[in-house]
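File shown: query.cif. Contents: mmCIF, C-alpha atoms.
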```cif
data_protein
loop_
_atom_site.label_atom_id
_atom_site.label_comp_id
_atom_site.auth_asym_id
_atom_site.auth_seq_id
_atom_site.Cartn_x
_atom_site.Cartn_y
_atom_site.Cartn_z
CA MET Z 1 10.81 -11.80 -19.82
CA THR Z 2 11.18 -9.06 -17.25
CA LEU Z 3 8.41 -8.30 -14.81
CA HIS Z 4 8.42 -4.54 -15.39
CA THR Z 5 6.53 -3.10 -12.46
CA PRO Z 6 5.70 0.59 -11.98
CA LEU Z 7 8.21 3.36 -12.21
CA LEU Z 8 6.84 6.37 -10.40
CA ALA Z 9 5.76 7.21 -6.89
CA LEU Z 10 7.64 10.04 -5.28
CA ALA Z 11 7.53 9.68 -1.51
CA LEU Z 12 9.70 10.64 1.45
CA ALA Z 13 12.29 9.04 3.72
CA GLY Z 14 13.23 7.10 6.90
CA GLY Z 15 15.93 5.05 8.70
CA LEU Z 16 16.86 3.72 12.18
CA LEU Z 17 18.80 1.25 14.31
CA LEU Z 18 19.70 -2.08 12.71
CA GLY Z 19 18.26 -4.98 14.69
CA SER Z 20 17.74 -8.71 14.31
CA PRO Z 21 14.85 -10.77 12.96
CA SER Z 22 13.15 -10.34 16.33
CA LEU Z 23 11.19 -7.24 17.29
CA ARG Z 24 13.68 -4.51 18.17
CA ALA Z 25 12.60 -1.00 19.08
CA GLN Z 26 10.95 0.96 21.80
CA PRO Z 27 7.80 -0.84 23.01
CA ALA Z 28 4.53 1.01 23.14
CA PRO Z 29 4.42 3.02 26.36
CA PRO Z 30 2.25 1.63 29.15
CA LEU Z 31 -0.93 3.56 29.81
CA ALA Z 32 -1.74 4.68 33.33
CA GLN Z 33 -5.33 5.36 32.37
CA ALA Z 34 -7.83 4.43 29.72
CA PRO Z 35 -6.50 5.30 26.24
CA THR Z 36 -7.81 8.47 24.66
CA GLU Z 37 -10.16 7.83 21.77
CA GLY Z 38 -8.33 8.47 18.51
CA ALA Z 39 -4.88 8.51 20.13
CA TYR Z 40 -2.04 6.46 18.65
CA VAL Z 41 1.70 5.98 18.96
CA THR Z 42 4.29 5.87 16.18
CA LEU Z 43 6.97 3.20 16.46
CA ASP Z 44 9.97 2.60 14.18
CA PHE Z 45 11.64 -0.80 13.80
CA GLU Z 46 14.40 -2.01 11.56
CA TRP Z 47 14.39 -5.73 11.05
CA LEU Z 48 16.83 -7.96 9.22
CA ASP Z 49 15.67 -10.90 7.14
CA THR Z 50 18.75 -13.09 7.61
CA ALA Z 51 17.57 -15.60 5.00
CA ARG Z 52 17.84 -12.87 2.35
CA ALA Z 53 20.42 -10.63 4.06
CA ARG Z 54 17.96 -7.79 3.51
CA ARG Z 55 16.95 -5.02 5.88
CA VAL Z 56 13.24 -4.28 6.27
CA PRO Z 57 12.68 -0.96 8.06
CA VAL Z 58 9.08 -0.30 9.09
CA ARG Z 59 6.99 2.33 10.84
CA LEU Z 60 3.94 1.29 12.85
CA TYR Z 61 1.06 3.60 13.65
CA LEU Z 62 -0.61 1.83 16.59
CA PRO Z 63 -3.91 2.89 18.18
CA GLU Z 64 -3.47 3.24 21.93
CA ALA Z 65 -6.86 1.57 22.39
CA ALA Z 66 -5.53 -1.64 20.80
CA ARG Z 67 -5.30 -4.23 23.57
CA ALA Z 68 -5.47 -8.02 23.83
CA ALA Z 69 -9.18 -7.74 24.59
CA THR Z 70 -9.76 -5.41 21.64
CA PRO Z 71 -6.98 -6.02 19.06
CA ALA Z 72 -6.79 -3.60 16.14
CA PRO Z 73 -7.17 -4.64 12.51
CA LEU Z 74 -3.96 -4.07 10.57
CA VAL Z 75 -3.15 -2.34 7.29
CA VAL Z 76 0.29 -3.11 5.83
CA PHE Z 77 1.40 -0.40 3.39
CA SER Z 78 3.90 -0.62 0.50
CA HIS Z 79 5.38 2.62 -0.87
CA GLY Z 80 6.05 3.62 -4.46
CA ILE Z 81 9.49 3.70 -6.04
CA GLY Z 82 11.85 6.05 -4.21
CA GLY Z 83 9.70 6.07 -1.08
CA SER Z 84 10.16 5.10 2.54
CA ARG Z 85 8.39 4.07 5.71
CA GLN Z 86 7.85 7.74 6.51
CA GLY Z 87 5.72 8.29 3.43
CA TYR Z 88 1.92 8.17 3.15
CA SER Z 89 1.70 9.39 6.74
CA TRP Z 90 -1.58 11.14 5.88
CA LEU Z 91 -3.10 7.67 5.61
CA GLY Z 92 -1.25 5.92 8.42
CA ARG Z 93 -2.06 8.60 10.97
CA HIS Z 94 -5.70 8.72 9.94
CA TRP Z 95 -6.23 4.97 10.01
CA ALA Z 96 -4.58 4.72 13.43
CA SER Z 97 -6.75 7.52 14.80
CA ARG Z 98 -9.77 5.52 13.66
CA GLY Z 99 -8.70 2.25 15.27
CA TYR Z 100 -6.76 0.57 12.44
CA ALA Z 101 -3.05 -0.12 13.00
CA SER Z 102 -0.92 0.75 9.97
CA LEU Z 103 2.47 -0.84 9.24
CA HIS Z 104 4.45 1.10 6.61
CA LEU Z 105 7.25 -0.83 4.93
CA GLN Z 106 10.49 0.47 3.44
CA HIS Z 107 11.78 -1.59 0.50
CA VAL Z 108 15.55 -1.05 0.55
CA GLY Z 109 16.06 -2.03 -3.10
CA SER Z 110 13.64 0.59 -4.39
CA ASP Z 111 13.49 3.17 -1.62
CA ARG Z 112 14.64 6.78 -1.15
CA SER Z 113 18.28 5.79 -1.61
CA LEU Z 114 17.63 5.81 -5.37
CA TRP Z 115 17.62 9.60 -5.31
CA GLY Z 116 21.21 9.75 -4.00
CA GLY Z 117 24.40 9.29 -5.99
CA ASN Z 118 25.27 10.52 -9.46
CA PRO Z 119 22.19 12.30 -10.91
CA PHE Z 120 23.18 11.24 -14.42
CA GLU Z 121 22.73 7.63 -13.36
CA LEU Z 122 19.27 8.16 -11.84
CA VAL Z 123 17.32 6.70 -14.75
CA GLY Z 124 19.47 3.57 -14.63
CA ARG Z 125 18.89 3.20 -10.90
CA LEU Z 126 15.13 3.58 -11.33
CA GLN Z 127 15.04 1.05 -14.14
CA GLY Z 128 17.16 -1.38 -12.16
CA ALA Z 129 14.77 -1.08 -9.20
CA ALA Z 130 11.87 -2.10 -11.42
CA GLN Z 131 13.24 -5.48 -12.44
CA ASP Z 132 11.96 -8.92 -11.45
CA ALA Z 133 14.29 -9.46 -8.51
CA GLU Z 134 13.21 -6.31 -6.69
CA ALA Z 135 9.53 -6.71 -7.58
CA LEU Z 136 9.55 -10.16 -5.99
CA ALA Z 137 11.70 -9.05 -3.05
CA ARG Z 138 9.16 -6.38 -2.18
CA VAL Z 139 6.41 -8.96 -1.79
CA ARG Z 140 8.69 -11.03 0.43
CA ASP Z 141 9.38 -7.88 2.47
CA LEU Z 142 5.65 -7.63 3.11
CA SER Z 143 5.28 -11.23 4.26
CA PHE Z 144 8.44 -11.06 6.35
CA ALA Z 145 7.26 -7.89 8.10
CA LEU Z 146 3.95 -9.54 8.96
CA ASP Z 147 5.86 -12.55 10.32
CA GLN Z 148 7.92 -10.28 12.54
CA LEU Z 149 5.10 -8.16 13.82
CA LEU Z 150 2.74 -11.04 14.52
CA ALA Z 151 5.43 -13.01 16.38
CA GLY Z 152 6.53 -10.08 18.52
CA GLU Z 153 5.46 -8.49 21.76
CA LEU Z 154 2.87 -6.28 20.07
CA ALA Z 155 1.07 -9.24 18.49
CA PRO Z 156 -1.67 -9.45 21.16
CA ARG Z 157 -2.69 -5.90 20.30
CA LEU Z 158 -3.22 -6.76 16.61
CA ASP Z 159 -5.93 -8.84 14.97
CA ALA Z 160 -4.15 -11.38 12.74
CA GLN Z 161 -7.50 -12.35 11.20
CA ARG Z 162 -8.17 -8.84 9.88
CA ILE Z 163 -5.25 -7.74 7.70
CA VAL Z 164 -5.41 -5.51 4.62
CA ALA Z 165 -2.58 -4.80 2.19
CA ALA Z 166 -2.41 -1.28 0.74
CA GLY Z 167 0.03 0.41 -1.60
CA HIS Z 168 0.66 3.15 -4.13
CA SER Z 169 2.14 2.74 -7.62
CA TYR Z 170 4.96 0.18 -7.34
CA GLY Z 171 3.45 -0.59 -3.96
CA ALA Z 172 0.08 -1.22 -5.59
CA ASN Z 173 1.69 -3.92 -7.75
CA THR Z 174 3.32 -5.35 -4.62
CA VAL Z 175 -0.10 -5.50 -2.97
CA LEU Z 176 -1.70 -7.18 -5.98
CA LEU Z 177 1.02 -9.85 -6.04
CA ALA Z 178 0.60 -10.46 -2.30
CA SER Z 179 -3.17 -10.67 -2.85
CA GLY Z 180 -2.99 -13.41 -5.48
CA ALA Z 181 -1.83 -11.93 -8.80
CA ALA Z 182 0.19 -14.53 -10.68
CA VAL Z 183 2.90 -14.15 -13.32
CA GLN Z 184 4.70 -16.83 -15.30
CA ARG Z 185 8.47 -17.13 -15.48
CA ASP Z 186 10.50 -19.95 -17.05
CA GLY Z 187 7.37 -21.91 -17.81
CA ARG Z 188 5.98 -21.89 -14.30
CA GLU Z 189 3.55 -19.69 -12.43
CA LEU Z 190 4.86 -17.56 -9.60
CA SER Z 191 2.22 -17.16 -6.94
CA LEU Z 192 3.26 -14.92 -4.06
CA ARG Z 193 -0.11 -14.81 -2.35
CA ASP Z 194 0.01 -14.26 1.39
CA PRO Z 195 -3.12 -15.95 2.79
CA ARG Z 196 -3.22 -13.51 5.70
CA ILE Z 197 -4.24 -10.69 3.35
CA GLN Z 198 -8.02 -10.34 3.53
CA ALA Z 199 -8.46 -7.27 1.32
CA ALA Z 200 -6.47 -4.88 -0.88
CA ILE Z 201 -6.34 -1.09 -1.24
CA VAL Z 202 -4.75 -0.22 -4.57
CA LEU Z 203 -3.74 3.38 -5.29
CA SER Z 204 -2.62 4.27 -8.84
CA ALA Z 205 -1.79 0.72 -9.91
CA PRO Z 206 0.34 0.61 -13.09
CA PRO Z 207 0.01 -2.27 -15.52
CA PHE Z 208 2.44 -5.16 -15.34
CA TYR Z 209 4.69 -3.78 -18.07
CA GLY Z 210 5.59 -6.27 -20.78
CA GLU Z 211 2.69 -8.58 -19.91
CA THR Z 212 -0.10 -8.97 -22.45
CA ALA Z 213 -2.77 -10.85 -20.48
CA PRO Z 214 -3.86 -8.76 -17.48
CA GLU Z 215 -6.89 -10.97 -16.82
CA ARG Z 216 -4.65 -14.01 -16.45
CA ILE Z 217 -2.38 -12.15 -14.03
CA LEU Z 218 -5.04 -10.34 -11.99
CA GLY Z 219 -7.93 -12.78 -12.27
CA PRO Z 220 -6.60 -14.86 -9.34
CA VAL Z 221 -6.98 -11.86 -7.01
CA ARG Z 222 -10.14 -12.82 -5.14
CA VAL Z 223 -10.02 -10.69 -2.00
CA PRO Z 224 -12.20 -7.55 -1.83
CA SER Z 225 -10.32 -4.68 -3.46
CA LEU Z 226 -10.52 -0.89 -3.55
CA HIS Z 227 -8.94 0.86 -6.54
CA VAL Z 228 -8.29 4.63 -6.46
CA THR Z 229 -6.94 6.76 -9.30
CA ALA Z 230 -7.47 10.07 -11.13
CA THR Z 231 -8.11 11.16 -14.71
CA GLU Z 232 -4.60 12.68 -14.91
CA ASP Z 233 -2.89 9.75 -13.17
CA VAL Z 234 -0.20 9.40 -15.84
CA ILE Z 235 3.21 7.75 -15.34
CA ARG Z 236 6.08 9.31 -17.29
CA ILE Z 237 9.52 7.77 -16.88
CA PRO Z 238 12.05 7.09 -19.68
CA GLY Z 239 11.15 3.69 -21.06
CA TYR Z 240 7.97 3.44 -19.00
CA TRP Z 241 4.84 5.37 -19.90
CA SER Z 242 1.38 4.53 -18.68
CA GLY Z 243 -1.83 6.45 -19.35
CA ALA Z 244 -4.54 6.94 -16.76
CA GLU Z 245 -6.70 4.37 -18.52
CA ASP Z 246 -4.28 1.66 -17.39
CA ARG Z 247 -5.44 2.12 -13.77
CA VAL Z 248 -9.00 1.37 -14.84
CA ALA Z 249 -7.80 -1.63 -16.87
CA VAL Z 250 -6.17 -3.05 -13.72
CA PHE Z 251 -9.50 -2.67 -11.91
CA ASP Z 252 -11.38 -4.36 -14.76
CA ALA Z 253 -8.95 -7.32 -14.85
CA THR Z 254 -8.90 -7.89 -11.09
CA GLY Z 255 -10.87 -10.99 -10.15
CA SER Z 256 -12.38 -9.70 -6.90
CA ALA Z 257 -16.11 -10.33 -6.73
CA GLN Z 258 -16.34 -7.37 -4.36
CA LYS Z 259 -14.40 -4.45 -5.82
CA THR Z 260 -14.73 -0.68 -5.93
CA LEU Z 261 -13.22 1.92 -8.27
CA ALA Z 262 -12.99 5.65 -7.57
CA VAL Z 263 -11.59 8.00 -10.22
CA PHE Z 264 -10.97 11.61 -9.22
CA ALA Z 265 -11.28 14.40 -11.78
CA GLY Z 266 -7.85 15.89 -12.52
CA GLY Z 267 -5.04 15.11 -10.10
CA SER Z 268 -1.72 13.45 -10.88
CA HIS Z 269 0.11 10.19 -10.24
CA SER Z 270 1.86 11.59 -7.17
CA ILE Z 271 -1.22 13.24 -5.66
CA PHE Z 272 -1.49 10.25 -3.30
CA THR Z 273 1.99 10.81 -1.80
CA ASP Z 274 2.64 13.17 1.12
CA ARG Z 275 3.44 15.98 -1.30
CA ALA Z 276 0.87 18.72 -0.78
CA GLY Z 277 0.94 20.53 -4.13
CA THR Z 278 0.89 17.88 -6.84
CA GLY Z 279 -2.29 17.89 -8.90
CA GLY Z 280 -3.12 21.36 -7.56
CA ALA Z 281 -2.93 22.40 -3.91
CA GLN Z 282 -6.69 22.62 -3.35
CA LEU Z 283 -7.52 19.42 -5.21
CA ASN Z 284 -4.63 17.63 -3.49
CA GLN Z 285 -6.18 18.23 -0.08
CA GLN Z 286 -9.67 17.38 -1.29
CA VAL Z 287 -8.47 14.11 -2.82
CA LYS Z 288 -6.66 13.14 0.37
CA GLU Z 289 -9.75 13.87 2.47
CA ALA Z 290 -11.94 11.87 0.11
CA THR Z 291 -9.46 8.97 -0.04
CA ARG Z 292 -9.26 8.80 3.75
CA ALA Z 293 -13.05 8.63 3.96
CA LEU Z 294 -13.31 6.07 1.15
CA SER Z 295 -10.63 3.78 2.56
CA LEU Z 296 -12.33 3.75 5.98
CA ALA Z 297 -15.69 3.03 4.36
CA PHE Z 298 -14.06 0.15 2.49
CA LEU Z 299 -12.47 -1.24 5.67
CA ASP Z 300 -15.81 -1.03 7.47
CA SER Z 301 -17.51 -2.88 4.62
CA VAL Z 302 -14.92 -5.67 4.70
CA PHE Z 303 -14.58 -6.16 8.46
CA LYS Z 304 -17.91 -4.93 9.80
CA GLY Z 305 -20.19 -5.84 6.93
CA ASP Z 306 -21.35 -2.21 6.82
CA ALA Z 307 -21.48 -0.92 3.23
CA ARG Z 308 -23.40 2.27 3.99
CA GLY Z 309 -20.25 4.37 3.81
CA LEU Z 310 -19.40 3.06 0.36
CA ALA Z 311 -22.94 3.79 -0.82
CA GLU Z 312 -22.94 7.35 0.55
CA TRP Z 313 -19.37 8.32 -0.41
CA PRO Z 314 -19.93 9.39 -4.06
CA GLN Z 315 -22.60 11.90 -3.05
CA GLN Z 316 -20.40 13.32 -0.30
CA PHE Z 317 -17.53 14.00 -2.72
CA ALA Z 318 -19.46 14.38 -5.98
CA GLY Z 319 -17.65 17.61 -6.90
CA ILE Z 320 -14.29 15.89 -7.45
CA VAL Z 321 -15.33 12.37 -8.55
CA ALA Z 322 -15.27 11.57 -12.27
CA ARG Z 323 -16.31 7.91 -11.89
CA TYR Z 324 -17.41 5.59 -9.13
CA THR Z 325 -18.08 1.89 -9.69
CA ARG Z 326 -18.94 -0.87 -7.24
CA SER Z 327 -19.17 -4.55 -8.04
CA ASN Z 328 -20.85 -6.71 -5.40
CA PRO Z 329 -21.84 -10.36 -5.61
#
```

File written out as structure tokens:
Amino acid sequence: MTLHTPLLALALAGGLLLGSPSLRAQPAPPLAQAPTEGAYVTLDFEWLDTARARRVPVRLYLPEAARAATPAPLVVFSHGIGGSRQGYSWLGRHWASRGYASLHLQHVGSDRSLWGGNPFELVGRLQGAAQDAEALARVRDLSFALDQLLAGELAPRLDAQRIVAAGHSYGANTVLLASGAAVQRDGRELSLRDPRIQAAIVLSAPPFYGETAPERILGPVRVPSLHVTATEDVIRIPGYWSGAEDRVAVFDATGSAQKTLAVFAGGSHSIFTDRAGTGGAQLNQQVKEATRALSLAFLDSVFKGDARGLAEWPQQFAGIVARYTRSNP
């Protein structure tokens, strides 16, 4: 049976110098004075996982204040199908300006390269990118990128004990698998959990297509999780259709004792990408502002034990929120 993971998430692009499994790119510039509050640097790396002969390009948004004495928590972000490390910059930049490093992956088997080539073969390329091999490779990309970053020269500036996985659409499924979701293939359970992941931010998570027991798959996810979607968050791709209710079903099936669901009124599946007009230009900006605030409130609740932001958030953005649910032990 094929692990049919999501088939929509229009993002942007990226690419750089091919390196080795070690950290290869410009190091963060030395600071002659105390770092400016909210300042960050953007660093691109392109690593090679020699064991899989697979490139793993990444972009790191690194707070300048992150130092060995005050290492930054880390968010590792997985893009949707057709995306790149340059996408979801509205989140990466914001998190970095608030003290959270953000590592954005590029999955070469399901990245922006899908949009090139013969347009009449696009559907076939998209469907091929959603098969088991790529779905599993994406999770291994995530773990490999963490290995590289935490073994490199920037490691002292990052807190390896405070790591969150985040993703949109296909990337949301990648995050769920890295956070403990389990599927069965050939009579055995595939568990791809990365124990370094302490929490999950899940944007527009599709169902695991072809699977009939979401509780069995998602029940093993135990880390705190934040789920964000919209009432018009519908996936439409030939052979793959998913209604907005599927995002809520993923939330319901997830086994996290501490989990939060936010559903925006209106919107679209691609409203969470860098595209500024999808779902309506005004609502698009409002949803992005609200999602930035909610994700920071979630991170503060996980790593600082401060849930006030999560409690206050629905009142702050009441005009665009259709549903808000929190489950706390």

Residues returned when the PyMOL selection byres ((chain Z and resi 94-98) around 6) runs on this file, as an MDAnalysis selection string: chainID Z and resid 38:39 61:63 91:93 99:101

Output of the PyMOL selection byres ((chain Z and resi 67-71) around 8), listed as an MDAnalysis selection string: chainID Z and resid 64:66 72:73 156:159

Could you write out that same residue set with C-alpha atoms as a PDB file, in the coordinates of the input?
```pdb
ATOM      1  CA  GLU Z  64      -3.470   3.240  21.930  1.00  0.00           C
ATOM      2  CA  ALA Z  65      -6.860   1.570  22.390  1.00  0.00           C
ATOM      3  CA  ALA Z  66      -5.530  -1.640  20.800  1.00  0.00           C
ATOM      4  CA  ALA Z  72      -6.790  -3.600  16.140  1.00  0.00           C
ATOM      5  CA  PRO Z  73      -7.170  -4.640  12.510  1.00  0.00           C
ATOM      6  CA  PRO Z 156      -1.670  -9.450  21.160  1.00  0.00           C
ATOM      7  CA  ARG Z 157      -2.690  -5.900  20.300  1.00  0.00           C
ATOM      8  CA  LEU Z 158      -3.220  -6.760  16.610  1.00  0.00           C
ATOM      9  CA  ASP Z 159      -5.930  -8.840  14.970  1.00  0.00           C
TER      10      ASP Z 159
END
```

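Around the coordinate (-0.8, -0.2, -5.5), residues that reach within 7 Å when counting only C-alpha atoms are Z:Ala166, Z:Gly167, Z:His168, Z:Ser169, Z:Tyr170, Z:Gly171, Z:Ala172, Z:Asn173, Z:Thr174, Z:Val175, Z:Val202, Z:Leu203, Z:Ser204, Z:Ala205.
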
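Distances from Z:Val75, Z:Ile237, Z:Ala160, Z:Ala213 to Gln127 in chain Z were compared using only C-alpha atoms, and the smallest one belongs to Z:Ile237.
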
Polymer residues at most 12 Å from (2.3, 0.7, -12.5) by all atoms listed in the file, as a count of residues only: 49

Name the residues captured by the PyMOL selection byres ((chain Z and resi 278) around 12) when it is applied to the shown file; answer as a compact mmCIF listing (two decimals) with C-alpha atoms, in the frame of the given file.
```
# COMPACT_ATOMS: atom_id res chain seq x y z
CA ALA Z 9 5.76 7.21 -6.89
CA LEU Z 10 7.64 10.04 -5.28
CA ALA Z 11 7.53 9.68 -1.51
CA GLU Z 232 -4.60 12.68 -14.91
CA ASP Z 233 -2.89 9.75 -13.17
CA GLY Z 266 -7.85 15.89 -12.52
CA GLY Z 267 -5.04 15.11 -10.10
CA SER Z 268 -1.72 13.45 -10.88
CA HIS Z 269 0.11 10.19 -10.24
CA SER Z 270 1.86 11.59 -7.17
CA ILE Z 271 -1.22 13.24 -5.66
CA PHE Z 272 -1.49 10.25 -3.30
CA THR Z 273 1.99 10.81 -1.80
CA ASP Z 274 2.64 13.17 1.12
CA ARG Z 275 3.44 15.98 -1.30
CA ALA Z 276 0.87 18.72 -0.78
CA GLY Z 277 0.94 20.53 -4.13
CA GLY Z 279 -2.29 17.89 -8.90
CA GLY Z 280 -3.12 21.36 -7.56
CA ALA Z 281 -2.93 22.40 -3.91
CA GLN Z 282 -6.69 22.62 -3.35
CA LEU Z 283 -7.52 19.42 -5.21
CA ASN Z 284 -4.63 17.63 -3.49
CA GLN Z 285 -6.18 18.23 -0.08
CA GLN Z 286 -9.67 17.38 -1.29
CA VAL Z 287 -8.47 14.11 -2.82
CA LYS Z 288 -6.66 13.14 0.37
```

Residue with smallest distance to Ser102 in chain Z - pool Z:Ser143, Z:Ser89, Z:Gln184, Z:Asn118, counting only C-alpha atoms: Z:Ser89
